[in-house]
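Colleague: Input: one structure, supplied below.
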Amino acid sequence: MESDSEMVPFPLLTTPIESNYRPCTIPYRFPSDNPRKATPTEIAWIDLFRNSIPSFKKRAESDTTVADAPTKAEKFAQRYADILDDIKKDPESHGGPPDCILLCRIREQILRELGFRDIFKKVKDVVRLNDDIEDEGKRLENLVRGIFAGNIFDLGSAQLAEVFSRDGMSFLATCQNLVPRPWVIDDLDTFKAKWSKKTWKKAVIFVDNSGADVILGILPFARELLKRGTQVVLAANDLPSINDITYPELVEIISKLKDESGKLIGVDTKNLLIANSGNDLPVIDLTRVSQELAYLASDADLVILEGMGRGIETNLYAQFKCDSLKIGMVKHPEVAQFLGGRLYDCVFKYNEVLG
C-alpha cells in the first residue's frame, strides 16, 4: 500500500476541497446525532456489510494460494462480524463513526492480514470486445448500456455474487434487460447532445470491476473516445479489492487485446494511458490518489467515475473543475431508497463546466 506521504488530492476537485468535497454520498449521521449511539442508517449499513460476510468467506475458503484457507476464512468472518458488532454498540470504536469507506477498509485489512490478497481472482474473466457500430447517437447509447451491463458483474453485492455463482450471467441479455429509461439519474440525452458537437482533449476514467465490466463495458467506450481524438487515462486500483481490476491486471489485459501493430480493434492506442490510482478499496476518497495519477490528470477536461462504489456510494455529488460523468448501477436496496429509484436502476450523471 502507498504511504500517506505519496498520496495527494485529485487535482481536478473543486477548491477549497475541505468545504466542497465529501467522498461518501449517503450521510450515515448528522452533527445532532448522539456520537455514542448508532443511527438507524448506520445500523442498516452495518447489517448490509454483515450480510455480505458469507459470500466473502466462501470465496476466501476456495483461495488455493493461502495455506489453511478454510480456517483463515472462518477467522475473517468471525473477526469482521465482531468488529461490526462493536461499531453497532459504539460508533466511535475502530476509528468511527462509520461510513462506507471505513467499513470497506476494515474488511480489506482483515483479509490481507490473514493472507488473502485477492479472493475473487478465480472469477476474473477476460472476454472479447464487442464492436457493434451504428449511427453516432445509437452507438453512444449502446456503449453506455454496455457499461451498465458490465457493471452488474459485481461480486461486492452479496445478491449478485450468489446469482453469478449459481446461474452465470449473459452479458448481451443483461444489456437488453436494463431497467427502462428514464433512469433514477438520467442525463444521457444531454450528454448525447454534447457528444455530437464537443471533443474532450483528455479523459480520466476510474475503472471498476474485472472481466465483463472493464472489457465489454469500459474499453469500448474508451476506444470510442480515442477514435474522436481524446487522450484517455484509465485509473485502476493499486491492490485487489473484491473483484475490482488492479493496475497490473489492466496493463496485462490491454497488452493482450492489442494486435501486432499495437492497435485496439483497429484504433491507435498511443493516446491510451494506464495509471495506478493508489486506491485499494471498492470506494474512493479523491483527497488521496497517487502522485502519478495526479500528474496525468492535471490537464484533463473530462473525469469519469464508473461503478456503484466510486460513482454513487462515493463521489456522486463531487464537484470538479472540468466536465464529469458518474456512471453506475444501483445494486443495494439502501442506495436505491436513498436515491428514490429501483434496485438495479442506473445512474448517468453528467455535469458540464462552462467557460
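Chain labels follow the order of the C-alpha cells: the first chain is A, the next B, and so on; residue numbering restarts at 1 in every chain, and ligands are counted from 1 in their shown order.
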Skip A:Ala294 itself and residues of its chain fewer than 3 positions away, then list as a JSON list (two decimals) with N, CA and C atoms, in the first residue's frame all residues within 10 Å of it, counting only C-alpha atoms.

Modeller:
[["chain", "number", "residue", "atom", "x", "y", "z"],
["A", 7, "MET", "N", 0.48, 10.08, -1.23],
["A", 7, "MET", "CA", -0.88, 10.30, -1.68],
["A", 7, "MET", "C", -1.20, 11.79, -1.66],
["A", 8, "VAL", "N", -1.87, 12.25, -2.71],
["A", 8, "VAL", "CA", -2.18, 13.68, -2.85],
["A", 8, "VAL", "C", -3.63, 13.84, -3.29],
["A", 9, "PRO", "N", -4.21, 15.02, -3.12],
["A", 9, "PRO", "CA", -5.59, 15.23, -3.60],
["A", 9, "PRO", "C", -5.66, 15.19, -5.12],
["A", 10, "PHE", "N", -6.77, 14.67, -5.63],
["A", 10, "PHE", "CA", -7.01, 14.68, -7.07],
["A", 10, "PHE", "C", -7.09, 16.13, -7.53],
["A", 11, "PRO", "N", -6.26, 16.53, -8.50],
["A", 11, "PRO", "CA", -6.11, 17.96, -8.82],
["A", 11, "PRO", "C", -7.33, 18.62, -9.44],
["A", 12, "LEU", "N", -8.29, 17.84, -9.91],
["A", 12, "LEU", "CA", -9.45, 18.44, -10.58],
["A", 12, "LEU", "C", -10.65, 18.65, -9.65],
["A", 275, "ALA", "N", -2.99, 4.19, -15.44],
["A", 275, "ALA", "CA", -2.40, 4.76, -14.23],
["A", 275, "ALA", "C", -2.82, 3.98, -13.00],
["A", 277, "SER", "N", -4.10, 4.31, -9.48],
["A", 277, "SER", "CA", -4.79, 5.37, -8.73],
["A", 277, "SER", "C", -4.27, 5.50, -7.30],
["A", 288, "ARG", "N", -7.07, 11.43, -1.69],
["A", 288, "ARG", "CA", -5.89, 10.57, -1.56],
["A", 288, "ARG", "C", -5.73, 9.72, -2.82],
["A", 289, "VAL", "N", -5.01, 10.27, -3.80],
["A", 289, "VAL", "CA", -4.68, 9.50, -5.01],
["A", 289, "VAL", "C", -3.17, 9.52, -5.20],
["A", 290, "SER", "N", -2.67, 8.66, -6.08],
["A", 290, "SER", "CA", -1.23, 8.60, -6.30],
["A", 290, "SER", "C", -0.73, 9.87, -6.99],
["A", 291, "GLN", "N", 0.54, 10.17, -6.76],
["A", 291, "GLN", "CA", 1.14, 11.33, -7.44],
["A", 291, "GLN", "C", 1.14, 11.13, -8.95],
["A", 297, "ALA", "N", -3.58, 13.59, -14.54],
["A", 297, "ALA", "CA", -4.93, 14.15, -14.60],
["A", 297, "ALA", "C", -4.98, 15.67, -14.59],
["A", 298, "SER", "N", -3.86, 16.31, -14.32],
["A", 298, "SER", "CA", -3.89, 17.75, -14.06],
["A", 298, "SER", "C", -4.45, 18.58, -15.22],
["A", 299, "ASP", "N", -4.30, 18.10, -16.46],
["A", 299, "ASP", "CA", -4.80, 18.87, -17.60],
["A", 299, "ASP", "C", -6.00, 18.20, -18.28]]

Colleague: Need the shell around A:Glu141: protein/DNA/RNA residues with any atom at most 12 Å away, counting only C-alpha atoms. Skip same-chain ones fewer than 3 positions apart. Format as a PDB file with all heavy atoms, in the first residue's frame?

Modeller:
ATOM      1  N   ASP A 132     -19.984  -3.277 -32.074  1.00  0.00           N
ATOM      2  CA  ASP A 132     -21.222  -3.099 -32.836  1.00  0.00           C
ATOM      3  C   ASP A 132     -21.416  -1.615 -33.135  1.00  0.00           C
ATOM      4  O   ASP A 132     -21.864  -0.858 -32.291  1.00  0.00           O
ATOM      5  CB  ASP A 132     -22.391  -3.657 -32.023  1.00  0.00           C
ATOM      6  CG  ASP A 132     -23.682  -3.638 -32.798  1.00  0.00           C
ATOM      7  OD1 ASP A 132     -23.630  -3.454 -34.031  1.00  0.00           O
ATOM      8  OD2 ASP A 132     -24.744  -3.787 -32.176  1.00  0.00           O
ATOM      9  N   ILE A 133     -21.081  -1.217 -34.325  1.00  0.00           N
ATOM     10  CA  ILE A 133     -21.093   0.208 -34.673  1.00  0.00           C
ATOM     11  C   ILE A 133     -22.373   0.569 -35.425  1.00  0.00           C
ATOM     12  O   ILE A 133     -22.704  -0.039 -36.432  1.00  0.00           O
ATOM     13  CB  ILE A 133     -19.881   0.569 -35.549  1.00  0.00           C
ATOM     14  CG1 ILE A 133     -18.573   0.193 -34.846  1.00  0.00           C
ATOM     15  CG2 ILE A 133     -19.898   2.046 -35.904  1.00  0.00           C
ATOM     16  CD1 ILE A 133     -18.279   0.955 -33.587  1.00  0.00           C
ATOM     17  N   GLU A 134     -23.069   1.607 -34.919  1.00  0.00           N
ATOM     18  CA  GLU A 134     -24.241   2.132 -35.624  1.00  0.00           C
ATOM     19  C   GLU A 134     -24.064   3.643 -35.791  1.00  0.00           C
ATOM     20  O   GLU A 134     -22.947   4.130 -35.745  1.00  0.00           O
ATOM     21  CB  GLU A 134     -25.507   1.805 -34.823  1.00  0.00           C
ATOM     22  CG  GLU A 134     -25.738   0.304 -34.653  1.00  0.00           C
ATOM     23  CD  GLU A 134     -26.986   0.006 -33.844  1.00  0.00           C
ATOM     24  OE1 GLU A 134     -27.853   0.898 -33.759  1.00  0.00           O
ATOM     25  OE2 GLU A 134     -27.076  -1.097 -33.301  1.00  0.00           O
ATOM     26  N   ASP A 135     -25.153   4.387 -35.988  1.00  0.00           N
ATOM     27  CA  ASP A 135     -25.017   5.841 -36.083  1.00  0.00           C
ATOM     28  C   ASP A 135     -24.563   6.388 -34.731  1.00  0.00           C
ATOM     29  O   ASP A 135     -24.659   5.731 -33.698  1.00  0.00           O
ATOM     30  CB  ASP A 135     -26.334   6.487 -36.527  1.00  0.00           C
ATOM     31  CG  ASP A 135     -27.402   6.445 -35.457  1.00  0.00           C
ATOM     32  OD1 ASP A 135     -27.360   7.285 -34.539  1.00  0.00           O
ATOM     33  OD2 ASP A 135     -28.258   5.539 -35.517  1.00  0.00           O
ATOM     34  N   GLU A 136     -24.068   7.630 -34.726  1.00  0.00           N
ATOM     35  CA  GLU A 136     -23.352   8.165 -33.570  1.00  0.00           C
ATOM     36  C   GLU A 136     -24.157   8.132 -32.273  1.00  0.00           C
ATOM     37  O   GLU A 136     -23.679   7.692 -31.232  1.00  0.00           O
ATOM     38  CB  GLU A 136     -22.890   9.594 -33.854  1.00  0.00           C
ATOM     39  CG  GLU A 136     -21.882  10.101 -32.846  1.00  0.00           C
ATOM     40  CD  GLU A 136     -21.328  11.462 -33.228  1.00  0.00           C
ATOM     41  OE1 GLU A 136     -22.116  12.431 -33.214  1.00  0.00           O
ATOM     42  OE2 GLU A 136     -20.122  11.561 -33.508  1.00  0.00           O
ATOM     43  N   GLY A 137     -25.411   8.600 -32.333  1.00  0.00           N
ATOM     44  CA  GLY A 137     -26.244   8.643 -31.129  1.00  0.00           C
ATOM     45  C   GLY A 137     -26.547   7.260 -30.588  1.00  0.00           C
ATOM     46  O   GLY A 137     -26.424   6.995 -29.385  1.00  0.00           O
ATOM     47  N   LYS A 138     -26.943   6.343 -31.494  1.00  0.00           N
ATOM     48  CA  LYS A 138     -27.248   4.977 -31.059  1.00  0.00           C
ATOM     49  C   LYS A 138     -25.990   4.260 -30.579  1.00  0.00           C
ATOM     50  O   LYS A 138     -26.028   3.477 -29.640  1.00  0.00           O
ATOM     51  CB  LYS A 138     -27.883   4.193 -32.214  1.00  0.00           C
ATOM     52  CG  LYS A 138     -29.320   4.588 -32.503  1.00  0.00           C
ATOM     53  CD  LYS A 138     -29.889   3.724 -33.607  1.00  0.00           C
ATOM     54  CE  LYS A 138     -31.347   4.118 -33.880  1.00  0.00           C
ATOM     55  NZ  LYS A 138     -31.913   3.369 -35.013  1.00  0.00           N
ATOM     56  N   VAL A 144     -22.953   3.099 -23.577  1.00  0.00           N
ATOM     57  CA  VAL A 144     -23.356   3.375 -22.194  1.00  0.00           C
ATOM     58  C   VAL A 144     -24.079   2.166 -21.603  1.00  0.00           C
ATOM     59  O   VAL A 144     -23.834   1.772 -20.449  1.00  0.00           O
ATOM     60  CB  VAL A 144     -24.234   4.645 -22.127  1.00  0.00           C
ATOM     61  CG1 VAL A 144     -24.878   4.799 -20.752  1.00  0.00           C
ATOM     62  CG2 VAL A 144     -23.397   5.878 -22.466  1.00  0.00           C
ATOM     63  N   ARG A 145     -24.962   1.563 -22.382  1.00  0.00           N
ATOM     64  CA  ARG A 145     -25.671   0.372 -21.902  1.00  0.00           C
ATOM     65  C   ARG A 145     -24.675  -0.766 -21.617  1.00  0.00           C
ATOM     66  O   ARG A 145     -24.856  -1.554 -20.685  1.00  0.00           O
ATOM     67  CB  ARG A 145     -26.720  -0.077 -22.926  1.00  0.00           C
ATOM     68  CG  ARG A 145     -27.940   0.830 -22.956  1.00  0.00           C
ATOM     69  CD  ARG A 145     -28.996   0.380 -23.941  1.00  0.00           C
ATOM     70  NE  ARG A 145     -30.186   1.196 -23.813  1.00  0.00           N
ATOM     71  CZ  ARG A 145     -31.164   0.984 -22.939  1.00  0.00           C
ATOM     72  NH1 ARG A 145     -31.095  -0.046 -22.114  1.00  0.00           N
ATOM     73  NH2 ARG A 145     -32.200   1.782 -22.879  1.00  0.00           N
ATOM     74  N   GLY A 146     -23.624  -0.839 -22.425  1.00  0.00           N
ATOM     75  CA  GLY A 146     -22.590  -1.837 -22.179  1.00  0.00           C
ATOM     76  C   GLY A 146     -21.869  -1.612 -20.858  1.00  0.00           C
ATOM     77  O   GLY A 146     -21.527  -2.565 -20.156  1.00  0.00           O
ATOM     78  N   ILE A 147     -21.655  -0.334 -20.516  1.00  0.00           N
ATOM     79  CA  ILE A 147     -21.036  -0.025 -19.227  1.00  0.00           C
ATOM     80  C   ILE A 147     -21.924  -0.511 -18.083  1.00  0.00           C
ATOM     81  O   ILE A 147     -21.465  -1.144 -17.134  1.00  0.00           O
ATOM     82  CB  ILE A 147     -20.754   1.485 -19.097  1.00  0.00           C
ATOM     83  CG1 ILE A 147     -19.673   1.906 -20.096  1.00  0.00           C
ATOM     84  CG2 ILE A 147     -20.316   1.832 -17.670  1.00  0.00           C
ATOM     85  CD1 ILE A 147     -19.440   3.403 -20.174  1.00  0.00           C
ATOM     86  N   PHE A 148     -23.231  -0.217 -18.182  1.00  0.00           N
ATOM     87  CA  PHE A 148     -24.154  -0.676 -17.134  1.00  0.00           C
ATOM     88  C   PHE A 148     -24.215  -2.201 -17.077  1.00  0.00           C
ATOM     89  O   PHE A 148     -24.224  -2.797 -16.000  1.00  0.00           O
ATOM     90  CB  PHE A 148     -25.553  -0.118 -17.365  1.00  0.00           C
ATOM     91  CG  PHE A 148     -25.686   1.346 -17.069  1.00  0.00           C
ATOM     92  CD1 PHE A 148     -26.201   2.225 -18.004  1.00  0.00           C
ATOM     93  CD2 PHE A 148     -25.292   1.856 -15.842  1.00  0.00           C
ATOM     94  CE1 PHE A 148     -26.328   3.574 -17.735  1.00  0.00           C
ATOM     95  CE2 PHE A 148     -25.409   3.211 -15.560  1.00  0.00           C
ATOM     96  CZ  PHE A 148     -25.932   4.074 -16.507  1.00  0.00           C
ATOM     97  N   CYS A 175     -27.540  -6.461 -21.211  1.00  0.00           N
ATOM     98  CA  CYS A 175     -27.674  -5.212 -21.986  1.00  0.00           C
ATOM     99  C   CYS A 175     -29.142  -4.949 -22.349  1.00  0.00           C
ATOM    100  O   CYS A 175     -29.623  -3.820 -22.283  1.00  0.00           O
ATOM    101  CB  CYS A 175     -26.872  -5.290 -23.288  1.00  0.00           C
ATOM    102  SG  CYS A 175     -25.134  -4.883 -23.132  1.00  0.00           S
ATOM    103  N   ARG A 181     -35.517   3.395 -19.280  1.00  0.00           N
ATOM    104  CA  ARG A 181     -35.351   4.826 -19.033  1.00  0.00           C
ATOM    105  C   ARG A 181     -36.733   5.466 -18.861  1.00  0.00           C
ATOM    106  O   ARG A 181     -37.695   4.946 -19.376  1.00  0.00           O
ATOM    107  CB  ARG A 181     -34.599   5.468 -20.202  1.00  0.00           C
ATOM    108  CG  ARG A 181     -33.173   4.961 -20.381  1.00  0.00           C
ATOM    109  CD  ARG A 181     -32.476   5.691 -21.521  1.00  0.00           C
ATOM    110  NE  ARG A 181     -32.352   7.124 -21.213  1.00  0.00           N
ATOM    111  CZ  ARG A 181     -32.079   8.059 -22.138  1.00  0.00           C
ATOM    112  NH1 ARG A 181     -31.949   7.713 -23.408  1.00  0.00           N
ATOM    113  NH2 ARG A 181     -31.985   9.321 -21.798  1.00  0.00           N
ATOM    114  N   ASP A 186     -30.679  10.522 -14.938  1.00  0.00           N
ATOM    115  CA  ASP A 186     -30.571  10.221 -16.369  1.00  0.00           C
ATOM    116  C   ASP A 186     -30.263  11.483 -17.171  1.00  0.00           C
ATOM    117  O   ASP A 186     -31.159  12.208 -17.606  1.00  0.00           O
ATOM    118  CB  ASP A 186     -31.879   9.583 -16.858  1.00  0.00           C
ATOM    119  CG  ASP A 186     -31.755   8.973 -18.243  1.00  0.00           C
ATOM    120  OD1 ASP A 186     -30.861   9.399 -19.008  1.00  0.00           O
ATOM    121  OD2 ASP A 186     -32.548   8.076 -18.569  1.00  0.00           O
ATOM    122  N   ASP A 187     -28.963  11.732 -17.348  1.00  0.00           N
ATOM    123  CA  ASP A 187     -28.512  12.873 -18.150  1.00  0.00           C
ATOM    124  C   ASP A 187     -27.992  12.416 -19.517  1.00  0.00           C
ATOM    125  O   ASP A 187     -27.235  13.138 -20.173  1.00  0.00           O
ATOM    126  CB  ASP A 187     -27.384  13.630 -17.418  1.00  0.00           C
ATOM    127  CG  ASP A 187     -27.845  14.249 -16.114  1.00  0.00           C
ATOM    128  OD1 ASP A 187     -29.042  14.585 -15.999  1.00  0.00           O
ATOM    129  OD2 ASP A 187     -27.011  14.403 -15.197  1.00  0.00           O
ATOM    130  N   LEU A 188     -28.408  11.228 -19.940  1.00  0.00           N
ATOM    131  CA  LEU A 188     -27.859  10.670 -21.178  1.00  0.00           C
ATOM    132  C   LEU A 188     -28.201  11.525 -22.390  1.00  0.00           C
ATOM    133  O   LEU A 188     -27.350  11.753 -23.254  1.00  0.00           O
ATOM    134  CB  LEU A 188     -28.349   9.229 -21.385  1.00  0.00           C
ATOM    135  CG  LEU A 188     -27.852   8.526 -22.656  1.00  0.00           C
ATOM    136  CD1 LEU A 188     -26.327   8.509 -22.740  1.00  0.00           C
ATOM    137  CD2 LEU A 188     -28.395   7.100 -22.733  1.00  0.00           C
ATOM    138  N   ASP A 189     -29.435  12.027 -22.491  1.00  0.00           N
ATOM    139  CA  ASP A 189     -29.807  12.830 -23.658  1.00  0.00           C
ATOM    140  C   ASP A 189     -28.981  14.113 -23.731  1.00  0.00           C
ATOM    141  O   ASP A 189     -28.554  14.535 -24.814  1.00  0.00           O
ATOM    142  CB  ASP A 189     -31.305  13.157 -23.616  1.00  0.00           C
ATOM    143  CG  ASP A 189     -32.164  11.919 -23.861  1.00  0.00           C
ATOM    144  OD1 ASP A 189     -31.648  10.933 -24.417  1.00  0.00           O
ATOM    145  OD2 ASP A 189     -33.343  11.936 -23.471  1.00  0.00           O
ATOM    146  N   THR A 190     -28.752  14.731 -22.570  1.00  0.00           N
ATOM    147  CA  THR A 190     -27.907  15.931 -22.516  1.00  0.00           C
ATOM    148  C   THR A 190     -26.497  15.600 -22.979  1.00  0.00           C
ATOM    149  O   THR A 190     -25.883  16.344 -23.765  1.00  0.00           O
ATOM    150  CB  THR A 190     -27.859  16.490 -21.079  1.00  0.00           C
ATOM    151  OG1 THR A 190     -29.184  16.741 -20.638  1.00  0.00           O
ATOM    152  CG2 THR A 190     -27.054  17.776 -21.011  1.00  0.00           C
ATOM    153  N   PHE A 191     -25.971  14.474 -22.506  1.00  0.00           N
ATOM    154  CA  PHE A 191     -24.615  14.081 -22.870  1.00  0.00           C
ATOM    155  C   PHE A 191     -24.524  13.744 -24.363  1.00  0.00           C
ATOM    156  O   PHE A 191     -23.543  14.086 -25.031  1.00  0.00           O
ATOM    157  CB  PHE A 191     -24.169  12.891 -22.023  1.00  0.00           C
ATOM    158  CG  PHE A 191     -22.733  12.499 -22.247  1.00  0.00           C
ATOM    159  CD1 PHE A 191     -21.694  13.316 -21.828  1.00  0.00           C
ATOM    160  CD2 PHE A 191     -22.409  11.307 -22.894  1.00  0.00           C
ATOM    161  CE1 PHE A 191     -20.370  12.963 -22.041  1.00  0.00           C
ATOM    162  CE2 PHE A 191     -21.087  10.937 -23.104  1.00  0.00           C
ATOM    163  CZ  PHE A 191     -20.069  11.777 -22.677  1.00  0.00           C
ATOM    164  N   LYS A 192     -25.549  13.084 -24.885  1.00  0.00           N
ATOM    165  CA  LYS A 192     -25.563  12.756 -26.313  1.00  0.00           C
ATOM    166  C   LYS A 192     -25.502  14.028 -27.161  1.00  0.00           C
ATOM    167  O   LYS A 192     -24.800  14.076 -28.174  1.00  0.00           O
ATOM    168  CB  LYS A 192     -26.830  11.961 -26.660  1.00  0.00           C
ATOM    169  CG  LYS A 192     -26.719  10.475 -26.385  1.00  0.00           C
ATOM    170  CD  LYS A 192     -28.067   9.787 -26.394  1.00  0.00           C
ATOM    171  CE  LYS A 192     -28.568   9.435 -27.757  1.00  0.00           C
ATOM    172  NZ  LYS A 192     -29.765   8.567 -27.694  1.00  0.00           N
ATOM    173  N   ALA A 193     -26.233  15.057 -26.732  1.00  0.00           N
ATOM    174  CA  ALA A 193     -26.225  16.326 -27.473  1.00  0.00           C
ATOM    175  C   ALA A 193     -24.832  16.951 -27.458  1.00  0.00           C
ATOM    176  O   ALA A 193     -24.362  17.500 -28.464  1.00  0.00           O
ATOM    177  CB  ALA A 193     -27.253  17.289 -26.876  1.00  0.00           C
ATOM    178  N   TRP A 195     -21.988  15.247 -26.954  1.00  0.00           N
ATOM    179  CA  TRP A 195     -21.103  14.301 -27.635  1.00  0.00           C
ATOM    180  C   TRP A 195     -21.024  14.582 -29.132  1.00  0.00           C
ATOM    181  O   TRP A 195     -19.968  14.450 -29.749  1.00  0.00           O
ATOM    182  CB  TRP A 195     -21.632  12.891 -27.367  1.00  0.00           C
ATOM    183  CG  TRP A 195     -20.898  11.750 -27.984  1.00  0.00           C
ATOM    184  CD1 TRP A 195     -21.128  11.193 -29.196  1.00  0.00           C
ATOM    185  CD2 TRP A 195     -19.826  10.986 -27.400  1.00  0.00           C
ATOM    186  NE1 TRP A 195     -20.279  10.127 -29.415  1.00  0.00           N
ATOM    187  CE2 TRP A 195     -19.470   9.975 -28.329  1.00  0.00           C
ATOM    188  CE3 TRP A 195     -19.138  11.043 -26.181  1.00  0.00           C
ATOM    189  CZ2 TRP A 195     -18.453   9.053 -28.074  1.00  0.00           C
ATOM    190  CZ3 TRP A 195     -18.134  10.120 -25.937  1.00  0.00           C
ATOM    191  CH2 TRP A 195     -17.803   9.149 -26.864  1.00  0.00           C
ATOM    192  N   GLY A 217     -17.446  -3.330 -21.072  1.00  0.00           N
ATOM    193  CA  GLY A 217     -18.091  -2.083 -20.697  1.00  0.00           C
ATOM    194  C   GLY A 217     -17.247  -0.857 -20.977  1.00  0.00           C
ATOM    195  O   GLY A 217     -17.562  -0.031 -21.830  1.00  0.00           O
ATOM    196  N   PRO A 220     -14.710  -0.499 -24.768  1.00  0.00           N
ATOM    197  CA  PRO A 220     -15.342   0.018 -25.989  1.00  0.00           C
ATOM    198  C   PRO A 220     -15.637   1.518 -25.904  1.00  0.00           C
ATOM    199  O   PRO A 220     -15.510   2.236 -26.898  1.00  0.00           O
ATOM    200  CB  PRO A 220     -16.638  -0.803 -26.077  1.00  0.00           C
ATOM    201  CG  PRO A 220     -16.334  -2.067 -25.359  1.00  0.00           C
ATOM    202  CD  PRO A 220     -15.441  -1.661 -24.226  1.00  0.00           C
ATOM    203  N   PHE A 221     -16.018   2.000 -24.714  1.00  0.00           N
ATOM    204  CA  PHE A 221     -16.289   3.428 -24.526  1.00  0.00           C
ATOM    205  C   PHE A 221     -14.987   4.224 -24.642  1.00  0.00           C
ATOM    206  O   PHE A 221     -14.931   5.262 -25.327  1.00  0.00           O
ATOM    207  CB  PHE A 221     -16.937   3.638 -23.158  1.00  0.00           C
ATOM    208  CG  PHE A 221     -17.379   5.052 -22.905  1.00  0.00           C
ATOM    209  CD1 PHE A 221     -18.564   5.533 -23.457  1.00  0.00           C
ATOM    210  CD2 PHE A 221     -16.630   5.908 -22.104  1.00  0.00           C
ATOM    211  CE1 PHE A 221     -18.972   6.842 -23.229  1.00  0.00           C
ATOM    212  CE2 PHE A 221     -17.041   7.211 -21.874  1.00  0.00           C
ATOM    213  CZ  PHE A 221     -18.210   7.676 -22.432  1.00  0.00           C
ATOM    214  N   GLU A 224     -13.912   4.460 -28.221  1.00  0.00           N
ATOM    215  CA  GLU A 224     -14.666   5.471 -28.976  1.00  0.00           C
ATOM    216  C   GLU A 224     -14.100   6.864 -28.726  1.00  0.00           C
ATOM    217  O   GLU A 224     -14.004   7.685 -29.640  1.00  0.00           O
ATOM    218  CB  GLU A 224     -16.143   5.405 -28.576  1.00  0.00           C
ATOM    219  CG  GLU A 224     -17.079   6.129 -29.526  1.00  0.00           C
ATOM    220  CD  GLU A 224     -17.259   5.419 -30.873  1.00  0.00           C
ATOM    221  OE1 GLU A 224     -16.892   4.237 -30.996  1.00  0.00           O
ATOM    222  OE2 GLU A 224     -17.768   6.079 -31.801  1.00  0.00           O
ATOM    223  N   PHE A 348     -26.697   7.926 -14.522  1.00  0.00           N
ATOM    224  CA  PHE A 348     -25.852   8.538 -15.540  1.00  0.00           C
ATOM    225  C   PHE A 348     -25.904  10.043 -15.280  1.00  0.00           C
ATOM    226  O   PHE A 348     -26.814  10.731 -15.731  1.00  0.00           O
ATOM    227  CB  PHE A 348     -26.341   8.204 -16.952  1.00  0.00           C
ATOM    228  CG  PHE A 348     -25.375   8.616 -18.037  1.00  0.00           C
ATOM    229  CD1 PHE A 348     -24.423   7.724 -18.514  1.00  0.00           C
ATOM    230  CD2 PHE A 348     -25.395   9.898 -18.567  1.00  0.00           C
ATOM    231  CE1 PHE A 348     -23.530   8.104 -19.511  1.00  0.00           C
ATOM    232  CE2 PHE A 348     -24.512  10.289 -19.558  1.00  0.00           C
ATOM    233  CZ  PHE A 348     -23.571   9.388 -20.027  1.00  0.00           C
TER     234      PHE A 348
END

Colleague: Grab the atom CA of A:Gly150 to atom CA of A:Thr269 distance for me, in Å with one decimal place.

Modeller: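 Going from atom CA of A:Gly150 over to atom CA of A:Thr269, I get 22.1 Å.
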
Colleague: Could you name the residues that touch A:Ile254 at 12 Å or less, counting only C-alpha atoms, but leaving out those on the same chain fewer than 5 positions away, as a ChimeraX atom specification?

Modeller: /A:126-129,214-215,218-220,222-223,234,247-249,259,262-265,269,272-274

Colleague: With only C-alpha atoms as the counted atoms, please give the residues lying no more than 12 Å from A:Ala69, apart from itself and same-chain residues fewer than 3 positions off, as an NGL selection string.

Modeller: :A and (57-66 or 72-76 or 111 or 114-117 or 119)

Colleague: Sorted by chain and rising residue number, list the residues of stretch 200-311 of chain A at most 7 Å from stretch 320-343 of chain A (counting only C-alpha atoms), each with its closest atom pair and distance in Å to one decimal, as CSV.

Modeller:
residue,atom,partner,partner_atom,distance
A:Asp301,CA,A:Cys322,CA,5.0
A:Leu302,CA,A:Asp323,CA,4.8
A:Val303,CA,A:Ser324,CA,4.6
A:Ile304,CA,A:Leu325,CA,4.6
A:Leu305,CA,A:Lys326,CA,4.9
A:Glu306,CA,A:Ile327,CA,4.9
A:Gly307,CA,A:Gly328,CA,4.3
A:Met308,CA,A:Gly328,CA,4.9
A:Gly311,CA,A:Lys326,CA,4.9

Colleague: Could you check which of A:Asn142, A:Pro97, A:Gln109, A:Val283 is closest to A:Asp33, using only C-alpha atoms?

Modeller: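 Ranking A:Asn142, A:Pro97, A:Gln109, A:Val283 by distance to A:Asp33, first place goes to A:Pro97.
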
Colleague: Of the candidates A:Arg50, A:Arg36, A:Lys256, A:Arg112, which shows the shortest atom-to-atom distance to A:Ser93, using only C-alpha atoms?

Modeller: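 Checking each candidate against A:Ser93, we get A:Arg36 as the closest.
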
Colleague: Show which residues sit within 12 Å of A:Arg105, as number ranges by chain. Count only C-alpha atoms, and ignore same-chain residues fewer than 6 positions away.

Modeller: A: 49, 80, 94-96, 98-99, 111-112, 241-242, 279-285

Colleague: Rounded to one decimal place, report the atom CA of A:Gln78-atom CA of A:Ile110 distance in Å.

Modeller: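 Atom CA of A:Ile110 lies 10.4 Å from atom CA of A:Gln78.
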
Colleague: Would you mind telling me which residue in A:Asn276, A:Thr39, A:Asn20, A:Ser55 lies nearest to A:Val233 when using only C-alpha atoms?

Modeller: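 Counting only C-alpha atoms, the residue closest to A:Val233 is A:Asn276.
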
Colleague: As an exercise, work out the distance from atom CA of A:Cys100 to atom CA of A:Glu313 in Å and give it to one decimal place.

Modeller: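 Here the two named atoms are 7.5 Å from each other.
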